[in-house]
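**Q** CSV, C-alpha atoms, saved as protein-v5.csv, coming up:
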chain,number,residue,atom,x,y,z
A,1000,MET,CA,-11.8,-15.1,-11.1
A,1001,LYS,CA,-8.2,-14.2,-10.3
A,1002,ILE,CA,-7.3,-11.2,-8.0
A,1003,LEU,CA,-3.8,-9.6,-8.0
A,1004,VAL,CA,-2.9,-7.7,-4.8
A,1005,GLY,CA,-0.1,-5.3,-4.3
A,1006,TYR,CA,1.7,-5.9,-1.0
A,1007,LYS,CA,4.4,-3.3,-0.2
A,1008,ARG,CA,6.9,-3.6,2.7
A,1009,VAL,CA,7.3,-0.4,4.7
A,1010,VAL,CA,8.7,0.7,8.1
A,1011,ASP,CA,6.2,-0.5,10.7
A,1012,TYR,CA,3.6,2.2,11.6
A,1013,ASN,CA,4.5,1.8,15.3
A,1014,VAL,CA,8.2,2.7,14.7
A,1015,ARG,CA,9.2,6.3,15.5
A,1016,ILE,CA,11.0,7.4,12.3
A,1017,GLN,CA,14.5,8.8,12.7
A,1018,VAL,CA,16.3,10.8,10.0
A,1019,ARG,CA,19.9,9.9,9.3
A,1020,PRO,CA,22.4,12.5,10.7
A,1021,ASP,CA,23.6,13.3,7.1
A,1022,GLY,CA,20.1,13.9,5.9
A,1023,THR,CA,20.3,11.2,3.2
A,1024,GLY,CA,17.3,9.2,4.3
A,1025,VAL,CA,15.6,7.6,7.3
A,1026,VAL,CA,17.1,5.0,9.5
A,1027,THR,CA,16.0,1.5,8.5
A,1028,GLU,CA,18.8,-0.6,10.1
A,1029,GLY,CA,17.4,-2.6,13.0
A,1030,VAL,CA,14.0,-1.2,12.4
A,1031,LYS,CA,10.9,-3.4,12.2
A,1032,LEU,CA,9.5,-3.6,8.6
A,1033,SER,CA,6.0,-4.9,8.0
A,1034,ALA,CA,3.2,-4.8,5.4
A,1035,ASN,CA,1.7,-1.5,4.4
A,1036,PRO,CA,-1.5,-1.3,6.4
A,1037,PHE,CA,-3.6,-0.3,3.4
A,1038,ASP,CA,-2.2,-3.3,1.5
A,1039,GLU,CA,-3.1,-5.7,4.3
A,1040,ILE,CA,-6.7,-4.4,3.9
A,1041,ALA,CA,-6.4,-5.0,0.1
A,1042,LEU,CA,-5.3,-8.6,0.7
A,1043,GLU,CA,-8.0,-9.2,3.3
A,1044,GLU,CA,-10.7,-8.0,0.9
A,1045,ALA,CA,-9.4,-10.3,-1.8
A,1046,LEU,CA,-9.4,-13.2,0.6
A,1047,ARG,CA,-13.0,-12.4,1.6
A,1048,LEU,CA,-14.0,-12.5,-2.0
A,1049,ARG,CA,-12.4,-15.9,-2.4
A,1050,ASP,CA,-14.1,-17.1,0.8
A,1051,LYS,CA,-17.4,-16.1,-0.7
A,1052,GLY,CA,-16.7,-18.2,-3.8
A,1053,ILE,CA,-16.5,-15.1,-6.0
A,1054,ALA,CA,-12.7,-15.4,-6.6
A,1055,THR,CA,-10.8,-18.6,-7.2
A,1056,GLU,CA,-7.2,-17.4,-6.8
A,1057,VAL,CA,-5.5,-14.6,-4.9
A,1058,VAL,CA,-1.9,-13.7,-6.0
A,1059,VAL,CA,0.1,-11.3,-3.9
A,1060,ALA,CA,3.0,-9.3,-5.4
A,1061,THR,CA,5.7,-7.0,-4.1
A,1062,ILE,CA,8.6,-5.0,-5.5
A,1063,ALA,CA,11.4,-5.1,-3.0
A,1064,PRO,CA,15.0,-6.3,-2.3
A,1065,ALA,CA,15.8,-10.0,-2.0
A,1066,ASP,CA,15.4,-10.0,1.8
A,1067,ALA,CA,11.6,-9.3,1.5
A,1068,GLN,CA,10.6,-12.9,1.0
A,1069,ALA,CA,9.6,-13.2,4.7
A,1070,HIS,CA,7.3,-10.3,4.1
A,1071,LEU,CA,5.7,-12.2,1.2
A,1072,ARG,CA,5.4,-15.3,3.2
A,1073,ASN,CA,3.3,-13.2,5.6
A,1074,GLY,CA,0.9,-12.5,2.8
A,1075,LEU,CA,0.8,-16.2,2.0
A,1076,ALA,CA,0.1,-17.0,5.7
A,1077,MET,CA,-2.8,-14.6,5.6
A,1078,GLY,CA,-4.2,-16.9,2.8
A,1079,ALA,CA,-2.9,-15.8,-0.6
A,1080,ASN,CA,-2.6,-18.8,-3.0
A,1081,ARG,CA,0.8,-17.7,-4.3
A,1082,ALA,CA,3.2,-14.8,-4.4
A,1083,ILE,CA,5.4,-13.0,-6.9
A,1084,HIS,CA,8.5,-11.2,-5.8
A,1085,VAL,CA,10.0,-8.6,-8.2
A,1086,VAL,CA,13.5,-8.3,-6.9
A,1087,VAL,CA,15.3,-4.9,-6.9
A,1088,GLU,CA,18.7,-3.9,-5.7
A,1089,PRO,CA,18.8,-2.7,-2.0
A,1090,GLY,CA,18.4,1.1,-1.8
A,1091,THR,CA,16.5,1.3,-5.1
A,1092,ASP,CA,13.8,4.0,-5.0
A,1093,VAL,CA,10.8,2.5,-6.9
A,1094,GLN,CA,8.6,5.6,-7.5
A,1095,PRO,CA,4.9,5.3,-8.1
A,1096,LEU,CA,5.1,5.4,-11.9
A,1097,ALA,CA,7.8,2.7,-12.0
A,1098,ALA,CA,5.7,0.6,-9.6
A,1099,ALA,CA,2.7,1.0,-11.8
A,1100,ARG,CA,4.6,0.0,-14.9
A,1101,THR,CA,6.0,-3.1,-13.0
A,1102,LEU,CA,2.5,-4.1,-11.9
A,1103,LEU,CA,1.3,-3.7,-15.5
A,1104,LYS,CA,3.9,-6.3,-16.5
A,1105,LEU,CA,2.5,-8.6,-13.9
A,1106,VAL,CA,-1.0,-7.9,-15.1
A,1107,GLU,CA,0.0,-8.8,-18.6
A,1108,ARG,CA,1.5,-12.1,-17.3
A,1109,GLU,CA,-1.3,-13.0,-14.9
A,1110,GLN,CA,-4.4,-11.6,-16.7
A,1111,PRO,CA,-6.3,-10.9,-13.4
A,1112,ASP,CA,-10.0,-10.0,-13.3
A,1113,LEU,CA,-9.4,-7.5,-10.5
A,1114,VAL,CA,-6.4,-5.7,-9.1
A,1115,ILE,CA,-6.7,-4.5,-5.5
A,1116,LEU,CA,-4.1,-2.1,-4.0
A,1117,GLY,CA,-3.9,0.0,-0.9
A,1118,LYS,CA,-4.8,3.6,-1.6
A,1119,GLN,CA,-1.4,4.7,-0.5
A,1120,ALA,CA,1.8,3.5,1.3
A,1121,ILE,CA,2.6,5.0,4.6
A,1122,ASP,CA,6.2,5.6,3.7
A,1123,ASP,CA,5.7,8.1,1.0
A,1124,ASP,CA,1.9,8.7,1.1
A,1125,ALA,CA,1.9,9.2,-2.7
A,1126,ASN,CA,-1.6,7.8,-3.5
A,1127,GLN,CA,-0.6,7.5,-7.2
A,1128,THR,CA,0.2,3.9,-8.1
A,1129,GLY,CA,-3.4,2.6,-8.4
A,1130,GLN,CA,-4.5,5.4,-10.6
A,1131,MET,CA,-1.4,5.2,-12.8
A,1132,LEU,CA,-1.8,1.4,-13.2
A,1133,ALA,CA,-5.5,1.8,-14.3
A,1134,THR,CA,-4.5,4.4,-16.8
A,1135,LEU,CA,-1.6,2.4,-18.2
A,1136,TRP,CA,-3.8,-0.7,-18.3
A,1137,GLY,CA,-6.6,1.2,-20.0
A,1138,ARG,CA,-9.2,-0.2,-17.5
A,1139,PRO,CA,-11.6,1.5,-15.0
A,1140,GLN,CA,-10.6,2.4,-11.5
A,1141,ALA,CA,-12.5,2.9,-8.2
A,1142,THR,CA,-10.4,4.5,-5.5
A,1143,PHE,CA,-10.7,4.8,-1.7
A,1144,ALA,CA,-13.1,1.8,-1.4
A,1145,GLY,CA,-15.0,1.6,1.9
A,1146,LYS,CA,-17.2,-1.2,0.6
A,1147,LEU,CA,-16.7,-3.6,-2.3
A,1148,ASP,CA,-19.1,-5.9,-4.0
A,1149,VAL,CA,-18.4,-8.0,-7.1
A,1150,ALA,CA,-21.1,-9.6,-9.2
A,1151,ASP,CA,-22.0,-10.1,-12.9
A,1152,GLY,CA,-18.7,-8.9,-14.2
A,1153,LYS,CA,-18.9,-5.6,-12.3
A,1154,ALA,CA,-17.4,-4.2,-9.2
A,1155,THR,CA,-19.5,-1.8,-7.0
A,1156,VAL,CA,-17.6,0.4,-4.7
A,1157,VAL,CA,-18.9,2.7,-2.0
A,1158,ARG,CA,-16.5,5.4,-0.9
A,1159,GLU,CA,-16.5,8.5,1.3
A,1160,VAL,CA,-16.4,11.9,-0.3
A,1161,ASP,CA,-16.9,15.4,1.1
A,1162,ALA,CA,-20.6,15.4,0.5
A,1163,GLY,CA,-21.2,11.9,2.0
A,1164,LEU,CA,-21.0,8.5,0.3
A,1165,GLU,CA,-20.5,7.9,-3.4
A,1166,THR,CA,-21.2,4.7,-5.2
A,1167,LEU,CA,-19.3,3.7,-8.3
A,1168,GLU,CA,-19.9,0.7,-10.6
A,1169,VAL,CA,-17.0,-0.3,-12.9
A,1170,ASP,CA,-16.7,-3.1,-15.5
A,1171,LEU,CA,-14.1,-5.8,-14.8
A,1172,PRO,CA,-11.2,-6.0,-15.2
A,1173,ALA,CA,-10.6,-3.0,-13.0
A,1174,VAL,CA,-8.3,-1.5,-10.4
A,1175,VAL,CA,-9.7,-0.9,-6.8
A,1176,THR,CA,-7.8,0.9,-4.1
A,1177,THR,CA,-8.7,0.4,-0.4
A,1178,ASP,CA,-9.5,2.8,2.4
A,1179,LEU,CA,-9.2,2.0,6.1
A,1180,ARG,CA,-12.9,1.5,6.7
A,1181,LEU,CA,-13.2,-1.4,4.2
A,1182,ASN,CA,-12.3,-4.2,6.6
A,1183,GLU,CA,-10.1,-5.4,9.5
A,1184,PRO,CA,-7.4,-7.8,8.4
A,1185,ARG,CA,-7.5,-11.3,9.9
A,1186,PHE,CA,-5.1,-12.5,12.6
A,1187,ILE,CA,-2.4,-14.9,11.3
A,1188,LYS,CA,-2.3,-18.2,13.1
A,1189,LEU,CA,0.8,-20.4,13.6
A,1190,PRO,CA,-0.6,-23.3,11.4
A,1191,ASP,CA,-1.1,-20.7,8.6
A,1192,ILE,CA,2.6,-19.6,8.9
A,1193,MET,CA,3.7,-23.2,8.6
A,1194,LYS,CA,1.5,-23.8,5.5
A,1195,ALA,CA,2.9,-20.6,3.8
A,1196,LYS,CA,6.4,-22.2,3.6
A,1197,SER,CA,5.1,-24.6,1.0
A,1198,LYS,CA,3.1,-22.2,-1.1
A,1199,PRO,CA,4.6,-21.1,-4.5
A,1200,LEU,CA,6.7,-18.0,-4.4
A,1201,GLU,CA,8.0,-16.8,-7.8
A,1202,THR,CA,11.0,-14.4,-8.1
A,1203,LEU,CA,11.5,-12.1,-11.0
A,1204,ALA,CA,14.4,-9.7,-11.6
A,1205,PHE,CA,13.3,-6.1,-12.0
A,1206,ALA,CA,15.8,-5.6,-14.8
A,1207,ASP,CA,14.4,-8.5,-16.8
A,1208,LEU,CA,10.9,-6.9,-17.0
A,1209,GLY,CA,12.1,-4.1,-19.2
A,1210,VAL,CA,10.3,-1.5,-17.1
A,1211,ASP,CA,11.0,2.2,-18.1
A,1212,THR,CA,11.7,3.8,-14.8
A,1213,GLY,CA,11.8,7.3,-16.3
A,1214,ALA,CA,13.6,10.3,-15.0
A,1215,GLY,CA,11.4,10.5,-11.9
A,1216,PHE,CA,12.2,12.7,-8.9
A,1217,LYS,CA,15.4,12.9,-7.0
A,1218,THR,CA,15.3,13.5,-3.2
A,1219,THR,CA,18.1,15.8,-2.2
A,1220,GLN,CA,17.7,15.9,1.5
A,1221,TYR,CA,15.6,14.6,4.4
A,1222,ALA,CA,14.9,16.7,7.5
A,1223,PRO,CA,13.0,15.9,10.7
A,1224,PRO,CA,10.1,18.2,11.7
A,1225,PRO,CA,11.0,21.0,14.1
A,1226,LYS,CA,10.8,20.2,17.7
A,1227,ARG,CA,7.7,21.5,19.5
A,1228,SER,CA,8.4,24.4,21.8
A,1229,LYS,CA,7.8,24.0,25.5
A,1230,GLY,CA,4.3,24.9,26.7
A,1231,ILE,CA,3.5,27.6,29.3
A,1232,MET,CA,0.9,27.8,32.1
A,1233,VAL,CA,-1.6,30.6,32.1
A,1234,LYS,CA,-3.8,31.8,34.9
A,1235,ASP,CA,-6.9,32.7,33.0
A,1236,ALA,CA,-8.4,33.3,29.6
A,1237,ALA,CA,-7.2,36.9,29.4
A,1238,GLU,CA,-3.6,35.8,30.0
A,1239,LEU,CA,-4.1,33.1,27.3
A,1240,VAL,CA,-5.3,35.6,24.8
A,1241,ALA,CA,-2.4,37.9,25.5
A,1242,ALA,CA,0.1,35.0,25.1
A,1243,LEU,CA,-1.5,34.0,21.8
A,1244,LYS,CA,-1.4,37.6,20.5
A,1245,SER,CA,2.3,37.9,21.5
A,1246,ARG,CA,3.1,34.9,19.3
A,1247,GLY,CA,1.1,36.3,16.4
A,1248,LEU,CA,-1.5,33.5,16.7
A,1249,LEU,CA,-4.5,35.9,17.1
Show me the file's structure as structure tokens.

**A**
Amino acid sequence: MKILVGYKRVVDYNVRIQVRPDGTGVVTEGVKLSANPFDEIALEEALRLRDKGIATEVVVATIAPADAQAHLRNGLAMGANRAIHVVVEPGTDVQPLAAARTLLKLVEREQPDLVILGKQAIDDDANQTGQMLATLWGRPQATFAGKLDVADGKATVVREVDAGLETLEVDLPAVVTTDLRLNEPRFIKLPDIMKAKSKPLETLAFADLGVDTGAGFKTTQYAPPPKRSKGIMVKDAAELVAALKSRGLL
């Protein structure tokens, strides 16, 4: 059984995002970049399936500029067998539909039995790529997985919904997207980092895949959220109520 895992590079979640003065984007120069946390969970789950003997190969893939190879090596250090790097020009905005179409090309090449993606990326929070890939591929999907079991050609996913827990069973091949509660990614050790340097890493030019990027959306401006106003001290509940009323909050 082969598992394909999407592994996007994003601005690290610990970094405080700053908008460029001209409003054309966010500052990325000199900023720490790391794996999307949901994608790390997706990779960890694939590795656990391999550790159980359910999967035989885990392939990690990213769509990013040429300087993202170190990011992919991180995925190999976690334990992936090999990596695929779809290289795009720096500054290219790969929107969810284009990402799904690109992943479909990789699916057609690799013929995986299961594709695991993070439910969303923390840079755009789109939560669309997994669903779009499943639709384009014509295969079942199970999103927001909090538990995943694979057996007898089926994947069973437990996920949280408003009413409690929902259990889905889908035939393989299928697409599964991961939630935070699925697992905790493993710590990468130095020997694993050294081993990752010798693992296969294939590069493909985005233009050579013939992906239709479509018209998509055009971002015209970025703006930081408004600064929080300074708080005030009140003596008692009556003064608090009066202050809230004066600001139209009651």

**Q** Need the shell around A:Glu1088: protein/DNA/RNA residues with any atom at most 12 Å away, counting only C-alpha atoms. Skip same-chain ones fewer than 2 positions apart. Format as an NGL selection string?

**A** :A and (1062-1067 or 1085-1086 or 1090-1093 or 1204-1206)

**Q** Counting all atoms listed in the file, figure out which residue out of A:Glu1201, A:Asp1191, A:Asp1235, A:Glu1183 gets nearest to A:Ala1041.

**A** A:Glu1183

**Q** Choose the residue, out of A:Leu1032, A:Ala1060, A:Ala1242, A:Leu1042, that has the smallest atom-to-atom separation from A:Glu1109; count all atoms listed in the file.

**A**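 So, comparing all the options, the nearest one is A:Ala1060.
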
**Q** Which protein, DNA or RNA residues are at most 12 Å from (9.8, 13.5, -10.9) in the file's coordinates when you count all atoms listed in the file, listed as a list of chain:residue names?

**A**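 Collected hits near the coordinates: A:Asp1092, A:Val1093, A:Gln1094, A:Pro1095, A:Leu1096, A:Ala1097, A:Thr1212, A:Gly1213, A:Ala1214, A:Gly1215, A:Phe1216, A:Lys1217, A:Thr1218.
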
**Q** Could those residues be written to a file, using C-alpha atoms, as a PDB file, keeping the file's coordinate frame?

**A**
ATOM      1  CA  ASP A1092      13.800   4.000  -5.000  1.00  0.00           C
ATOM      2  CA  VAL A1093      10.800   2.500  -6.900  1.00  0.00           C
ATOM      3  CA  GLN A1094       8.600   5.600  -7.500  1.00  0.00           C
ATOM      4  CA  PRO A1095       4.900   5.300  -8.100  1.00  0.00           C
ATOM      5  CA  LEU A1096       5.100   5.400 -11.900  1.00  0.00           C
ATOM      6  CA  ALA A1097       7.800   2.700 -12.000  1.00  0.00           C
ATOM      7  CA  THR A1212      11.700   3.800 -14.800  1.00  0.00           C
ATOM      8  CA  GLY A1213      11.800   7.300 -16.300  1.00  0.00           C
ATOM      9  CA  ALA A1214      13.600  10.300 -15.000  1.00  0.00           C
ATOM     10  CA  GLY A1215      11.400  10.500 -11.900  1.00  0.00           C
ATOM     11  CA  PHE A1216      12.200  12.700  -8.900  1.00  0.00           C
ATOM     12  CA  LYS A1217      15.400  12.900  -7.000  1.00  0.00           C
ATOM     13  CA  THR A1218      15.300  13.500  -3.200  1.00  0.00           C
TER      14      THR A1218
END

**Q** Closest to A:Gly1024 among A:Thr1202, A:Lys1007, A:Asp1148, A:Asp1122, using all atoms listed in the file?

**A**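 The answer is A:Asp1122, which sits nearest to A:Gly1024.
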
**Q** Would you compute the distance between atom CA of A:Glu1159 and atom CA of A:Lys1001? Give it in Å to one decimal.

**A**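 Between these atoms lies a distance of 26.8 Å.
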
**Q** Could you check how far atom CA of A:Arg1008 sits from atom CA of A:Gly1137, in Å to one decimal?

**A** 26.8 Å

**Q** Tell me, as a ChimeraX atom specification, which residues lie within 10 Å of A:Arg1019, counting only C-alpha atoms; anything in the same chain fewer than 5 positions away does not count.

**A** /A:1024-1027,1221-1223

**Q** Within 12 Å of (-21.4, -7.4, -2.5) in the file's own coordinates, which protein, DNA or RNA residues have an atom, counting all atoms listed in the file? List them as a ChimeraX atom specification.

**A** /A:1044,1047-1048,1051-1053,1145-1151,1153-1157,1168

**Q** Using all atoms listed in the file, determine which residues lie at most 9 Å from A:Asp1011, disregarding the query and same-chain residues fewer than 4 positions distant; provide the list as an MDAnalysis selection string.

**A** chainID A and resid 1015 1030:1036 1121

**Q** Calculate how many Å separate atom CA of A:Leu1189 from atom CA of A:Gly1074, rounding to one decimal.

**A**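 That distance, rounded to one decimal, is 13.4 Å.
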
**Q** Of the candidates A:Leu1164, A:Thr1061, A:Arg1072, A:Phe1037, which one gets nearest to A:Val1087 if we count only C-alpha atoms?

**A**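 Once distances to A:Val1087 are computed over only C-alpha atoms, the minimum belongs to A:Thr1061.
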
**Q** Using all atoms listed in the file, pick whichever of A:Arg1158, A:Lys1244, A:Arg1138, A:Lys1234 has the shortest atom-to-atom distance to A:Thr1177.

**A**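 Among the listed residues, A:Arg1158 lies closest to A:Thr1177.
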
**Q** Which residue out of A:Leu1179, A:Ala1133, A:Leu1167, A:Val1114 has the minimum interatomic distance to A:Glu1056 when all atoms listed in the file are used?

**A**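 Going through A:Leu1179, A:Ala1133, A:Leu1167, A:Val1114 one by one, the smallest distance to A:Glu1056 is for A:Val1114.
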
**Q** Need the shell around A:Lys1198: protein/DNA/RNA residues with any atom at most 9 Å away, counting only C-alpha atoms. Skip same-chain ones fewer than 5 positions apart. Format as a list in words?

**A**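 Listed by chain and then number, they are Arg1072, Leu1075, Ala1079, Asn1080, Arg1081 and Ala1082 of chain A.
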
**Q** Got a sec: who's within 9 Å of A:Leu1113, counting all atoms listed in the file, leaving out chain neighbours fewer than 6 positions off, as a short mmCIF file (atom, residue, chain, number, x, y, z; two decimals) with C-alpha atoms, in the coordinates of the input?

**A**
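Saved result, result.cif, follows:
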data_model
loop_
_atom_site.label_atom_id
_atom_site.label_comp_id
_atom_site.auth_asym_id
_atom_site.auth_seq_id
_atom_site.Cartn_x
_atom_site.Cartn_y
_atom_site.Cartn_z
CA MET A 1000 -11.80 -15.10 -11.10
CA LYS A 1001 -8.20 -14.20 -10.30
CA ILE A 1002 -7.30 -11.20 -8.00
CA LEU A 1003 -3.80 -9.60 -8.00
CA VAL A 1004 -2.90 -7.70 -4.80
CA ALA A 1154 -17.40 -4.20 -9.20
CA LEU A 1171 -14.10 -5.80 -14.80
CA PRO A 1172 -11.20 -6.00 -15.20
CA ALA A 1173 -10.60 -3.00 -13.00
CA VAL A 1174 -8.30 -1.50 -10.40
CA VAL A 1175 -9.70 -0.90 -6.80
#
